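Next comes my_file23.txt, with compact mmCIF, C-alpha atoms and all ligand atoms.
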```txt
# COMPACT_ATOMS: atom_id res chain seq x y z
CA MET A 1 0.00 0.00 0.00
CA SER A 2 1.40 3.44 -0.89
CA ALA A 3 2.10 5.98 1.85
CA PRO A 4 -0.63 8.53 2.63
CA VAL A 5 0.04 11.98 1.16
CA ALA A 6 0.51 15.09 3.33
CA VAL A 7 0.53 18.44 1.55
CA HIS A 8 2.33 21.10 3.58
CA PHE A 9 2.00 24.79 2.64
CA GLY A 10 5.06 26.89 3.49
CA ALA A 11 8.48 25.27 3.11
CA GLY A 12 10.13 27.86 5.36
CA ASN A 13 11.65 27.51 8.81
CA ILE A 14 8.77 25.77 10.58
CA GLY A 15 7.71 23.93 7.42
CA ARG A 16 11.07 22.24 6.86
CA GLY A 17 12.36 22.28 10.44
CA PHE A 18 9.29 21.10 12.32
CA VAL A 19 5.97 20.19 10.64
CA GLY A 20 7.53 18.68 7.48
CA LEU A 21 10.03 16.78 9.61
CA LEU A 22 7.34 15.21 11.80
CA LEU A 23 5.16 14.33 8.81
CA ASP A 24 8.13 12.71 7.08
CA ARG A 25 8.99 10.73 10.18
CA ALA A 26 5.34 9.67 10.51
CA GLY A 27 5.60 7.97 7.11
CA TYR A 28 3.67 10.41 4.95
CA GLU A 29 4.61 11.11 1.35
CA LEU A 30 5.42 14.76 1.92
CA VAL A 31 4.52 17.41 -0.65
CA PHE A 32 5.74 20.95 0.03
CA ALA A 33 3.80 23.79 -1.62
CA ASP A 34 5.30 27.27 -1.56
CA VAL A 35 5.22 30.48 -3.62
CA ASN A 36 8.99 31.00 -3.37
CA ALA A 37 10.25 29.74 -6.74
CA GLY A 38 13.91 29.62 -5.68
CA LEU A 39 13.05 27.53 -2.63
CA ILE A 40 10.90 25.11 -4.64
CA ASP A 41 13.62 24.74 -7.28
CA ALA A 42 16.17 24.02 -4.56
CA LEU A 43 13.91 21.39 -2.96
CA ARG A 44 13.38 19.77 -6.37
CA ALA A 45 17.12 19.70 -7.00
CA THR A 46 17.98 17.66 -3.91
CA PRO A 47 16.89 14.27 -2.59
CA SER A 48 17.14 15.36 1.05
CA TYR A 49 17.85 18.09 3.59
CA ARG A 50 18.92 17.93 7.20
CA VAL A 51 17.38 19.25 10.40
CA HIS A 52 19.96 19.93 13.11
CA GLU A 53 18.51 19.98 16.60
CA VAL A 54 20.63 22.01 19.01
CA GLY A 55 20.22 22.35 22.75
CA GLU A 56 19.72 19.76 25.44
CA HIS A 57 19.79 16.71 23.15
CA PRO A 58 21.61 17.58 19.90
CA ARG A 59 21.00 15.33 16.90
CA THR A 60 20.47 15.50 13.15
CA HIS A 61 17.57 14.16 11.08
CA GLU A 62 17.52 13.69 7.34
CA VAL A 63 14.26 14.40 5.50
CA THR A 64 14.03 12.48 2.21
CA GLY A 65 11.62 11.56 -0.53
CA PHE A 66 9.56 14.75 -0.58
CA ARG A 67 8.06 16.50 -3.61
CA ALA A 68 7.90 20.28 -4.03
CA LEU A 69 5.26 22.29 -5.91
CA ASN A 70 5.16 25.95 -6.81
CA SER A 71 1.68 26.96 -5.64
CA ALA A 72 1.82 30.32 -7.46
CA ALA A 73 2.97 28.99 -10.84
CA ASP A 74 1.22 25.60 -10.77
CA PRO A 75 -1.90 25.75 -8.58
CA ARG A 76 -3.49 22.88 -10.54
CA SER A 77 -0.81 20.40 -9.39
CA VAL A 78 -1.28 21.56 -5.81
CA ALA A 79 -5.07 21.05 -6.07
CA GLU A 80 -4.48 17.56 -7.51
CA ALA A 81 -2.12 16.71 -4.65
CA ILE A 82 -4.75 17.91 -2.16
CA ALA A 83 -7.38 15.79 -3.89
CA ASP A 84 -5.25 12.71 -3.16
CA ALA A 85 -3.99 13.77 0.27
CA ARG A 86 -4.96 12.54 3.72
CA VAL A 87 -3.55 15.54 5.56
CA VAL A 88 -2.98 19.23 4.77
CA THR A 89 -0.89 21.44 7.05
CA THR A 90 0.21 25.06 6.80
CA ALA A 91 3.03 27.19 8.25
CA VAL A 92 2.78 30.30 6.10
CA GLY A 93 1.83 33.00 8.63
CA PRO A 94 -1.70 33.76 9.86
CA THR A 95 -2.24 36.59 7.36
CA VAL A 96 -1.48 34.28 4.41
CA LEU A 97 -4.18 31.67 5.15
CA ARG A 98 -6.68 33.40 2.90
CA PHE A 99 -4.40 32.80 -0.08
CA ILE A 100 -4.26 29.07 0.67
CA ALA A 101 -8.05 28.70 0.84
CA PRO A 102 -8.71 28.77 -2.96
CA LEU A 103 -6.26 25.89 -3.48
CA ILE A 104 -7.96 23.83 -0.78
CA VAL A 105 -11.32 24.53 -2.40
CA GLU A 106 -10.00 23.37 -5.79
CA GLY A 107 -8.56 20.26 -4.15
CA LEU A 108 -11.89 19.46 -2.47
CA ARG A 109 -13.72 19.90 -5.77
CA LEU A 110 -11.38 17.34 -7.38
CA ARG A 111 -11.54 14.97 -4.42
CA ALA A 112 -13.49 11.74 -4.88
CA ALA A 113 -16.71 11.83 -2.84
CA ASP A 114 -15.86 8.49 -1.21
CA SER A 115 -12.33 9.55 -0.12
CA PRO A 116 -11.75 9.78 3.61
CA SER A 117 -12.23 13.27 4.96
CA LEU A 118 -9.20 15.56 4.44
CA GLN A 119 -7.57 16.43 7.78
CA ILE A 120 -6.44 20.06 7.85
CA MET A 121 -4.23 21.66 10.51
CA ALA A 122 -3.04 25.26 10.26
CA CYS A 123 0.19 25.41 12.29
CA GLU A 124 0.48 29.16 12.85
CA ASN A 125 1.08 31.36 15.87
CA ALA A 126 -2.52 32.41 16.27
CA ILE A 127 -5.62 31.43 18.20
CA GLY A 128 -8.00 29.39 16.04
CA ALA A 129 -5.87 29.47 12.85
CA SER A 130 -7.57 26.36 11.44
CA ASP A 131 -10.98 27.92 12.14
CA THR A 132 -9.81 31.00 10.24
CA LEU A 133 -8.74 28.85 7.31
CA ALA A 134 -12.04 26.93 7.42
CA ALA A 135 -13.95 30.22 7.31
CA GLU A 136 -11.90 31.36 4.30
CA VAL A 137 -12.68 28.07 2.54
CA ARG A 138 -16.41 28.28 3.31
CA ALA A 139 -16.53 31.88 2.08
CA LEU A 140 -15.55 30.63 -1.38
CA LEU A 141 -18.36 28.07 -1.63
CA SER A 142 -21.98 28.54 -2.64
CA PRO A 143 -24.45 27.13 -0.08
CA ALA A 144 -25.11 24.12 -2.37
CA GLU A 145 -21.41 23.43 -2.81
CA ALA A 146 -20.76 23.92 0.91
CA ALA A 147 -23.34 21.22 1.65
CA GLU A 148 -21.84 18.92 -0.99
CA LEU A 149 -18.22 19.37 0.17
CA ALA A 150 -18.96 19.61 3.91
CA GLY A 151 -17.90 16.05 4.66
CA ARG A 152 -14.75 16.20 2.57
CA ALA A 153 -12.61 18.13 5.06
CA GLU A 154 -12.22 18.57 8.82
CA PHE A 155 -10.21 21.40 10.40
CA ALA A 156 -8.46 21.03 13.78
CA ASN A 157 -6.86 23.92 15.65
CA THR A 158 -3.27 23.50 16.80
CA ALA A 159 -0.56 25.07 18.94
CA VAL A 160 2.97 24.69 17.61
CA ASP A 161 6.04 25.51 19.63
CA ARG A 162 9.62 25.19 18.43
CA ILE A 163 12.05 28.06 17.98
CA VAL A 164 13.35 27.96 14.42
CA PRO A 165 15.49 31.08 14.02
CA ALA A 166 16.73 32.87 10.93
CA GLN A 167 19.08 30.45 9.16
CA ALA A 168 22.70 31.07 8.14
CA THR A 169 22.95 32.27 4.54
CA ASP A 170 25.13 29.28 3.60
CA ALA A 171 22.82 26.68 5.22
CA GLY A 172 21.02 25.89 1.97
CA LEU A 173 17.91 23.87 2.77
CA ASP A 174 19.26 22.55 6.06
CA VAL A 175 17.59 23.97 9.14
CA THR A 176 18.95 24.45 12.65
CA VAL A 177 16.24 24.22 15.30
CA GLU A 178 16.02 23.92 19.07
CA SER A 179 15.56 20.33 20.24
CA TYR A 180 12.42 21.24 22.20
CA PHE A 181 9.07 21.05 20.44
CA GLU A 182 5.38 20.85 21.22
CA TRP A 183 2.61 20.27 18.65
CA VAL A 184 -0.76 20.17 20.38
CA VAL A 185 -3.93 19.48 18.37
CA ASP A 186 -7.62 19.61 19.24
CA GLU A 187 -8.72 15.98 19.06
CA ARG A 188 -12.43 16.63 18.52
CA PRO A 189 -12.68 17.39 14.77
CA PHE A 190 -11.03 14.12 13.67
CA GLY A 191 -12.69 11.88 16.26
CA GLU A 192 -11.55 8.25 16.00
CA GLN A 193 -9.85 8.93 12.66
CA ARG A 194 -7.10 11.17 13.95
CA PRO A 195 -3.82 10.86 12.04
CA ASP A 196 -0.95 8.95 13.60
CA ILE A 197 1.82 11.57 13.82
CA PRO A 198 4.32 10.69 16.54
CA GLY A 199 5.15 13.83 18.52
CA VAL A 200 1.63 15.28 18.31
CA THR A 201 -0.24 15.67 21.61
CA TRP A 202 -4.01 15.35 21.20
CA VAL A 203 -6.14 17.27 23.68
CA PRO A 204 -9.89 17.52 24.26
CA GLN A 205 -9.73 21.30 24.51
CA LEU A 206 -7.03 23.41 22.86
CA GLU A 207 -7.76 26.85 24.32
CA PRO A 208 -5.60 26.53 27.49
CA TYR A 209 -2.66 25.21 25.46
CA ILE A 210 -2.72 27.79 22.68
CA GLU A 211 -3.24 30.63 25.17
CA ARG A 212 -0.45 29.39 27.43
CA LYS A 213 1.87 29.08 24.44
CA LEU A 214 0.97 32.37 22.71
CA PHE A 215 0.85 34.44 25.91
CA THR A 216 4.07 33.00 27.34
CA VAL A 217 6.43 31.92 24.53
CA ASN A 218 5.34 34.52 22.02
CA THR A 219 4.63 37.36 24.45
CA GLY A 220 8.04 36.78 26.03
CA HIS A 221 9.96 36.40 22.79
CA ALA A 222 8.37 39.47 21.21
CA THR A 223 8.94 41.52 24.39
CA ALA A 224 12.62 40.59 24.29
CA ALA A 225 12.77 41.59 20.62
CA TYR A 226 11.14 45.01 21.07
CA LEU A 227 12.97 45.92 24.29
CA GLY A 228 16.17 44.62 22.69
CA TRP A 229 15.59 46.69 19.56
CA LEU A 230 15.00 49.82 21.64
CA ALA A 231 18.22 49.16 23.58
CA GLY A 232 20.16 48.94 20.30
CA HIS A 233 20.74 45.16 20.18
CA GLU A 234 20.69 43.22 16.92
CA GLY A 235 20.96 39.66 18.25
CA MET A 236 18.46 37.95 20.54
CA SER A 237 21.14 36.51 22.84
CA GLU A 238 22.69 39.96 23.16
CA ALA A 239 19.24 41.39 23.96
CA LEU A 240 18.49 38.73 26.57
CA ALA A 241 21.88 39.19 28.20
CA ASP A 242 20.95 42.83 28.86
CA PRO A 243 19.65 42.87 32.47
CA GLU A 244 17.03 45.52 31.70
CA VAL A 245 15.64 43.57 28.77
CA HIS A 246 15.64 40.37 30.77
CA ALA A 247 13.85 42.07 33.66
CA GLY A 248 11.27 43.51 31.24
CA VAL A 249 10.57 40.08 29.75
CA LEU A 250 10.26 38.46 33.16
CA ALA A 251 7.88 41.19 34.33
CA ALA A 252 5.68 40.75 31.24
CA LEU A 253 5.61 36.98 31.75
CA ARG A 254 4.69 37.36 35.41
CA GLU A 255 1.68 39.40 34.24
CA THR A 256 0.57 36.84 31.66
CA LYS A 257 1.16 34.15 34.27
CA GLU A 258 -1.38 35.87 36.54
CA MET A 259 -3.87 36.01 33.68
CA LEU A 260 -3.32 32.39 32.60
CA VAL A 261 -3.54 31.00 36.13
CA ARG A 262 -6.80 32.88 36.60
CA ALA A 263 -8.27 31.94 33.21
CA HIS A 264 -7.30 28.27 33.02
CA GLY A 265 -6.57 27.17 36.57
CA PHE A 266 -2.92 26.29 35.88
CA GLU A 267 -0.98 25.83 39.13
CA ALA A 268 1.03 29.01 39.76
CA GLU A 269 4.19 26.93 40.42
CA ALA A 270 3.73 24.97 37.18
CA GLN A 271 3.28 28.18 35.17
CA GLU A 272 6.37 29.67 36.84
CA ALA A 273 8.39 26.58 35.88
CA TYR A 274 7.00 26.78 32.32
CA LEU A 275 8.02 30.42 31.92
CA GLN A 276 11.46 29.88 33.44
CA ARG A 277 12.10 27.03 31.01
CA ILE A 278 11.07 29.32 28.16
CA LEU A 279 13.50 32.01 29.29
CA THR A 280 16.23 29.37 29.12
CA ARG A 281 15.09 28.36 25.62
CA PHE A 282 15.19 31.99 24.43
CA ALA A 283 18.79 32.29 25.63
CA ASN A 284 19.99 29.09 23.89
CA PRO A 285 23.45 30.23 22.74
CA GLN A 286 23.39 27.83 19.78
CA LEU A 287 20.39 29.56 18.19
CA THR A 288 21.55 32.61 16.29
CA ASP A 289 18.52 34.86 16.04
CA THR A 290 17.80 38.53 15.48
CA VAL A 291 15.46 41.02 17.11
CA ARG A 292 14.29 41.94 13.58
CA ARG A 293 13.01 38.41 12.87
CA VAL A 294 11.42 37.87 16.26
CA GLY A 295 9.79 41.32 16.16
CA ARG A 296 8.58 40.94 12.56
CA GLN A 297 5.06 42.06 11.60
CA PRO A 298 4.42 44.35 14.60
CA LEU A 299 0.87 45.22 13.49
CA ARG A 300 -0.15 41.55 13.53
CA LYS A 301 1.41 41.24 16.97
CA LEU A 302 -0.51 44.35 18.13
CA SER A 303 -3.90 43.05 16.98
CA ARG A 304 -6.78 42.41 19.36
CA HIS A 305 -6.40 38.72 20.18
CA GLU A 306 -2.63 38.55 19.89
CA ARG A 307 0.18 38.26 22.45
CA PHE A 308 0.01 41.76 23.97
CA ILE A 309 -3.47 43.26 23.77
CA GLU A 310 -5.48 40.16 24.70
CA PRO A 311 -3.67 39.44 27.99
CA ALA A 312 -3.30 43.14 28.84
CA GLU A 313 -7.01 43.82 28.27
CA ARG A 314 -8.00 40.83 30.38
CA LEU A 315 -5.71 41.93 33.22
CA ALA A 316 -6.98 45.51 33.06
CA ALA A 317 -10.58 44.27 33.08
CA ALA A 318 -9.79 42.25 36.21
CA GLY A 319 -8.35 45.33 37.94
CA THR A 320 -4.62 44.62 37.51
CA SER A 321 -2.49 47.22 35.75
CA PRO A 322 -0.52 45.45 32.97
CA ALA A 323 2.43 47.83 33.35
CA ALA A 324 5.07 45.48 31.91
CA LEU A 325 2.93 44.59 28.89
CA LEU A 326 2.32 48.29 28.27
CA HIS A 327 6.07 48.85 28.47
CA ALA A 328 6.55 46.14 25.82
CA ILE A 329 3.82 47.71 23.65
CA SER A 330 5.54 51.07 24.00
CA ALA A 331 8.75 49.49 22.64
CA LEU A 332 6.77 47.78 19.84
CA LEU A 333 5.47 51.21 18.77
CA ARG A 334 9.09 52.27 18.24
CA PHE A 335 10.03 49.20 16.14
CA ASP A 336 11.23 50.86 12.96
CA VAL A 337 12.61 48.36 10.44
CA PRO A 338 12.44 49.59 6.82
CA GLU A 339 12.46 46.07 5.30
CA ASP A 340 9.42 45.04 7.37
CA ALA A 341 6.28 46.29 5.57
CA GLU A 342 4.20 46.23 8.77
CA SER A 343 6.80 48.26 10.61
CA VAL A 344 6.60 50.90 7.86
CA GLU A 345 2.80 50.85 8.02
CA LEU A 346 2.96 51.18 11.81
CA GLY A 347 5.05 54.35 11.38
CA ARG A 348 2.58 55.70 8.84
CA LEU A 349 -0.38 55.08 11.14
CA LEU A 350 1.38 56.72 14.05
CA ALA A 351 2.13 59.75 11.87
CA THR A 352 -1.37 60.15 10.46
CA ARG A 353 -3.87 58.99 13.08
CA SER A 354 -5.10 60.52 16.31
CA PRO A 355 -4.22 58.39 19.35
CA GLU A 356 -7.86 57.29 19.64
CA ASP A 357 -8.08 56.30 15.96
CA PHE A 358 -4.73 54.54 16.08
CA VAL A 359 -5.85 52.41 19.04
CA ALA A 360 -9.15 51.55 17.38
CA GLU A 361 -7.57 50.70 14.03
CA ALA A 362 -4.42 48.91 15.14
CA THR A 363 -5.61 47.08 18.25
CA GLY A 364 -9.35 46.69 17.73
CA LEU A 365 -10.00 47.86 21.30
CA LEU A 366 -13.29 49.69 21.78
CA PRO A 367 -13.65 53.06 23.57
CA GLY A 368 -15.16 51.41 26.67
CA ASP A 369 -12.62 48.61 27.00
CA ALA A 370 -10.56 48.48 30.18
CA LEU A 371 -7.19 49.10 28.51
CA THR A 372 -8.24 51.74 26.00
CA ALA A 373 -7.59 54.94 27.96
CA GLN A 374 -4.11 53.81 29.06
CA LEU A 375 -3.22 52.76 25.56
CA VAL A 376 -4.45 56.03 24.04
CA GLU A 377 -2.18 57.87 26.48
CA LEU A 378 0.75 55.61 25.55
CA VAL A 379 0.22 56.24 21.84
CA ALA A 380 -0.03 59.99 22.45
CA GLU A 381 3.27 59.88 24.36
CA THR A 382 4.91 57.91 21.55
CA GLN A 383 3.67 60.42 18.98
CA ARG A 384 5.01 63.36 21.00
CA ALA A 385 8.44 61.67 21.19
CA ARG A 386 8.67 60.98 17.41
N1 LIG A 401 9.91 30.23 13.29
C1 LIG A 401 9.40 29.86 14.43
O1 LIG A 401 10.13 29.70 15.41
C2 LIG A 401 7.93 29.60 14.58
C3 LIG A 401 7.00 30.01 13.67
N2 LIG A 401 5.68 29.71 13.86
C4 LIG A 401 4.68 30.10 12.92
O2 LIG A 401 4.87 29.35 11.71
C5 LIG A 401 4.47 30.13 10.60
C6 LIG A 401 5.63 30.19 9.61
O3 LIG A 401 6.75 30.79 10.24
P1 LIG A 401 8.22 30.57 9.71
O4 LIG A 401 8.38 29.19 9.20
O5 LIG A 401 9.12 31.09 10.75
O6 LIG A 401 8.22 31.58 8.48
P2 LIG A 401 9.07 31.50 7.11
O7 LIG A 401 9.01 32.85 6.54
O8 LIG A 401 10.39 30.87 7.37
O9 LIG A 401 8.22 30.49 6.20
C7 LIG A 401 6.99 30.83 5.64
C8 LIG A 401 6.95 30.21 4.25
O10 LIG A 401 5.63 30.40 3.74
C9 LIG A 401 5.78 30.68 2.36
N3 LIG A 401 4.58 31.30 1.84
C10 LIG A 401 4.20 32.60 1.93
N4 LIG A 401 3.04 32.79 1.28
C11 LIG A 401 2.67 31.59 0.79
C12 LIG A 401 1.55 31.14 0.06
N5 LIG A 401 0.58 31.97 -0.34
N6 LIG A 401 1.49 29.83 -0.29
C13 LIG A 401 2.47 28.96 0.09
N7 LIG A 401 3.54 29.34 0.81
C14 LIG A 401 3.64 30.63 1.15
C15 LIG A 401 7.02 31.55 2.25
O11 LIG A 401 7.54 31.59 0.95
C16 LIG A 401 7.92 30.85 3.26
O12 LIG A 401 8.71 29.86 2.62
C17 LIG A 401 4.05 31.49 11.15
O13 LIG A 401 2.67 31.49 11.38
C18 LIG A 401 4.77 31.57 12.50
O14 LIG A 401 4.12 32.40 13.39
C19 LIG A 401 5.23 28.98 14.93
C20 LIG A 401 6.11 28.54 15.86
C21 LIG A 401 7.50 28.83 15.75
O1 LIG A 402 5.51 34.76 13.23
P1 LIG A 402 5.70 35.01 14.68
O2 LIG A 402 4.43 35.13 15.41
O3 LIG A 402 6.71 36.04 14.97
O4 LIG A 402 6.25 33.61 15.17
C1 LIG A 402 7.54 33.22 15.21
C2 LIG A 402 7.91 33.15 16.65
O5 LIG A 402 7.35 32.06 17.31
C3 LIG A 402 8.35 31.40 18.05
O6 LIG A 402 8.67 30.28 17.42
C4 LIG A 402 7.89 30.90 19.30
O7 LIG A 402 6.99 29.86 19.05
C5 LIG A 402 9.58 32.22 17.95
O8 LIG A 402 10.71 31.55 17.61
C6 LIG A 402 9.36 33.09 16.79
O9 LIG A 402 9.90 34.32 17.02
```
Give the structure from this file in structure tokens form.
Ligand SMILES: NC(=O)C1=CN([C@@H]2O[C@H](COP(=O)(O)OP(=O)(O)OC[C@H]3O[C@@H](n4cnc5c(N)ncnc54)[C@H](O)[C@@H]3O)[C@@H](O)[C@H]2O)C=CC1
Ligand SMILES: O=P(O)(O)OC[C@H]1O[C@](O)(CO)[C@@H](O)[C@@H]1O
Amino acid sequence: MSAPVAVHFGAGNIGRGFVGLLLDRAGYELVFADVNAGLIDALRATPSYRVHEVGEHPRTHEVTGFRALNSAADPRSVAEAIADARVVTTAVGPTVLRFIAPLIVEGLRLRAADSPSLQIMACENAIGASDTLAAEVRALLSPAEAAELAGRAEFANTAVDRIVPAQATDAGLDVTVESYFEWVVDERPFGEQRPDIPGVTWVPQLEPYIERKLFTVNTGHATAAYLGWLAGHEGMSEALADPEVHAGVLAALRETKEMLVRAHGFEAEAQEAYLQRILTRFANPQLTDTVRRVGRQPLRKLSRHERFIEPAERLAAAGTSPAALLHAISALLRFDVPEDAESVELGRLLATRSPEDFVAEATGLLPGDALTAQLVELVAETQRAR
């Protein structure tokens, strides 16, 4: 019997260094789909690439036998691969999911009605990324087609955690990653038919896991990047070695800890151990990373349900001042990286909007929300200092 097919969108850091690796090791015939022509050509030109795990338990894996498709130049082949696939995963960035949806729709249209349901997992740093992708797919279907194709795909939300930094320019397709990883998936959508992917943790309810991950790993990492940027550091290890940056990250994580313990009933000691372990992961000297990469796309990171505003608003609503998160947001507002389109747009919004309009537009907070007044003041201060 031939191996089941897994189509993975996004052959970048997480695609090659984490999701693709686990799918390959699970025995899937792996098909990468990406819009980067150079990357696809390079994957086609080689039989394998290596994933180097550095950290506590260093080792190297070889990923072999994959195919690579250019989803911009040859969407038909991608749709055909999806029609035959058992699993579809993505690691393209939350804002890119809407561009993947039309290909999934084409794949479902080509899929035999008696095929097993396609199992789709968006592996992005966002709450409910698979739900977002499902909504984008449904938006492209007429009601009749939606009813016809309804049983052909199931979407399960995930939380993925592995630091895969910017890679050395001479690394080729090889990827250096930390040895730690966590891939948690909501078990409900796939029921008894869930795919056998060693390394995946199936849970009955994903919300506590994705919130713990996003509001600890990602809040902490992004705080280090923005405070590090403001202090003039280029490298993440340099930033984290700066006592003021480190103290700022710890303070922000103590605030999200309070929120997470309250929201999900985690033991305070367990959450403290979790955040301390993450601080150690951030400082892994074998991961060469930059504040520019970790701070990338500041407007996405400033949006309503992301790593800063969501926990800060919940704390403010519960009567706690999220001073450290506001300090991190203040540094985010000063993130000025010309090659990052969102950073440029952030500067434009700060230059052209009133503080009230900026907060509404960039964060989605409403005038009556608990954090709004403090944030408006912070934006006004930032504008005065520009
Ligand atoms: N790098 C990391 O440590 C982690 C990243 N993530 C998440 O994984 C996702 C990917 O991140 P990275 O791998 O770091 O980014 P990356 O930039 O290395 O890879 C993204 C890939 O997606 C491709 N892509 C962009 N638009 C596409 C489209 N329309 N169709 C197909 N492919 C497309 C790009 O060409 C690129 O190869 C993001 O959502 C990120 O938040 C999650 C956990 C850790
Ligand atoms: O695209 P984002 O949200 O910056 O995600 C990438 C970040 O997620 C992390 O992997 C943590 O999961 C960091 O390595 C990385 O900075």
All residues 9 Å or closer to Ala323 in chain A, all atoms listed in the file, same chain fewer than 4 positions away omitted, as a ChimeraX atom specification:
/A:251-252,255,312,327-328
Please return as a PDB file with C-alpha atoms, in the coordinates of the input the residues found within 10 Å of ligand LIG 402 (chain A), counting all atoms listed in the file.
```pdb
ATOM      1  CA  ASN A  13      11.650  27.510   8.810  1.00  0.00           C
ATOM      2  CA  ILE A  14       8.770  25.770  10.580  1.00  0.00           C
ATOM      3  CA  ALA A  91       3.030  27.190   8.250  1.00  0.00           C
ATOM      4  CA  VAL A  92       2.780  30.300   6.100  1.00  0.00           C
ATOM      5  CA  GLY A  93       1.830  33.000   8.630  1.00  0.00           C
ATOM      6  CA  PRO A  94      -1.700  33.760   9.860  1.00  0.00           C
ATOM      7  CA  THR A  95      -2.240  36.590   7.360  1.00  0.00           C
ATOM      8  CA  GLU A 124       0.480  29.160  12.850  1.00  0.00           C
ATOM      9  CA  ASN A 125       1.080  31.360  15.870  1.00  0.00           C
ATOM     10  CA  ALA A 126      -2.520  32.410  16.270  1.00  0.00           C
ATOM     11  CA  ALA A 159      -0.560  25.070  18.940  1.00  0.00           C
ATOM     12  CA  VAL A 160       2.970  24.690  17.610  1.00  0.00           C
ATOM     13  CA  ASP A 161       6.040  25.510  19.630  1.00  0.00           C
ATOM     14  CA  ARG A 162       9.620  25.190  18.430  1.00  0.00           C
ATOM     15  CA  ILE A 163      12.050  28.060  17.980  1.00  0.00           C
ATOM     16  CA  VAL A 164      13.350  27.960  14.420  1.00  0.00           C
ATOM     17  CA  PRO A 165      15.490  31.080  14.020  1.00  0.00           C
ATOM     18  CA  ALA A 166      16.730  32.870  10.930  1.00  0.00           C
ATOM     19  CA  VAL A 177      16.240  24.220  15.300  1.00  0.00           C
ATOM     20  CA  GLU A 178      16.020  23.920  19.070  1.00  0.00           C
ATOM     21  CA  PHE A 181       9.070  21.050  20.440  1.00  0.00           C
ATOM     22  CA  GLU A 182       5.380  20.850  21.220  1.00  0.00           C
ATOM     23  CA  LYS A 213       1.870  29.080  24.440  1.00  0.00           C
ATOM     24  CA  LEU A 214       0.970  32.370  22.710  1.00  0.00           C
ATOM     25  CA  THR A 216       4.070  33.000  27.340  1.00  0.00           C
ATOM     26  CA  VAL A 217       6.430  31.920  24.530  1.00  0.00           C
ATOM     27  CA  ASN A 218       5.340  34.520  22.020  1.00  0.00           C
ATOM     28  CA  THR A 219       4.630  37.360  24.450  1.00  0.00           C
ATOM     29  CA  GLY A 220       8.040  36.780  26.030  1.00  0.00           C
ATOM     30  CA  HIS A 221       9.960  36.400  22.790  1.00  0.00           C
ATOM     31  CA  ALA A 222       8.370  39.470  21.210  1.00  0.00           C
ATOM     32  CA  ALA A 224      12.620  40.590  24.290  1.00  0.00           C
ATOM     33  CA  ALA A 225      12.770  41.590  20.620  1.00  0.00           C
ATOM     34  CA  MET A 236      18.460  37.950  20.540  1.00  0.00           C
ATOM     35  CA  ILE A 278      11.070  29.320  28.160  1.00  0.00           C
ATOM     36  CA  ARG A 281      15.090  28.360  25.620  1.00  0.00           C
ATOM     37  CA  PHE A 282      15.190  31.990  24.430  1.00  0.00           C
ATOM     38  CA  LEU A 287      20.390  29.560  18.190  1.00  0.00           C
ATOM     39  CA  ASP A 289      18.520  34.860  16.040  1.00  0.00           C
ATOM     40  CA  THR A 290      17.800  38.530  15.480  1.00  0.00           C
ATOM     41  CA  VAL A 291      15.460  41.020  17.110  1.00  0.00           C
ATOM     42  CA  ARG A 292      14.290  41.940  13.580  1.00  0.00           C
ATOM     43  CA  ARG A 293      13.010  38.410  12.870  1.00  0.00           C
ATOM     44  CA  VAL A 294      11.420  37.870  16.260  1.00  0.00           C
ATOM     45  CA  GLY A 295       9.790  41.320  16.160  1.00  0.00           C
ATOM     46  CA  ARG A 296       8.580  40.940  12.560  1.00  0.00           C
ATOM     47  CA  GLN A 297       5.060  42.060  11.600  1.00  0.00           C
ATOM     48  CA  PRO A 298       4.420  44.350  14.600  1.00  0.00           C
ATOM     49  CA  ARG A 300      -0.150  41.550  13.530  1.00  0.00           C
ATOM     50  CA  LYS A 301       1.410  41.240  16.970  1.00  0.00           C
ATOM     51  CA  GLU A 306      -2.630  38.550  19.890  1.00  0.00           C
ATOM     52  CA  ARG A 307       0.180  38.260  22.450  1.00  0.00           C
TER      53      ARG A 307
END
```
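Picture a line from CA of Gly128 in chain A to atom N5 of ligand LIG 401 (chain A); it runs 18.7 Å.
Taking only C-alpha atoms into account, the protein, DNA and RNA residues within 7 Å of (-9.9, 18.9, 16.8) read A:Phe155, A:Ala156, A:Asn157, A:Val185, A:Asp186, A:Glu187, A:Arg188, A:Pro189, A:Phe190.
By chain and then residue number, the residues within 9 Å of Tyr28 in chain A are Ala3, Pro4, Val5, Ala6, Arg86 and Val87 of chain A, counting all atoms listed in the file and disregarding those fewer than 6 positions away in sequence.
Shortest atom-to-atom contact with ligand LIG 401 (chain A) among A:Arg44, A:Arg348, A:His8, A:Arg277: A:His8, counting all atoms listed in the file.
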Identify the residues within 12 Å of coordinate (12.7, 27.7, 5.9) (same frame as the file), considering all atoms listed in the file, and give the answer as number ranges by chain.
A: 9-21, 32, 34, 36, 38-40, 42-43, 49-51, 91-92, 164-169, 171-177
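If only C-alpha atoms and all ligand atoms are the atoms counted, then among A:Pro102, A:Gly228, A:Gly319, A:Pro195 the closest residue to ligand LIG 401 (chain A) is A:Pro102.
Minimum atom-to-atom distances from A:Phe66, A:Thr288, A:Pro243, A:Arg262 to ligand LIG 401 (chain A) were compared using all atoms listed in the file, and the lowest value belongs to A:Thr288.
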Using only C-alpha atoms, can you tell me which of A:Ala113, A:Leu365, A:Leu371, A:Leu346 comes closest to Arg314 in chain A?
A:Leu371
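Between atom C10 of ligand LIG 401 (chain A) and CA of Pro116 in chain A the separation is 27.9 Å.
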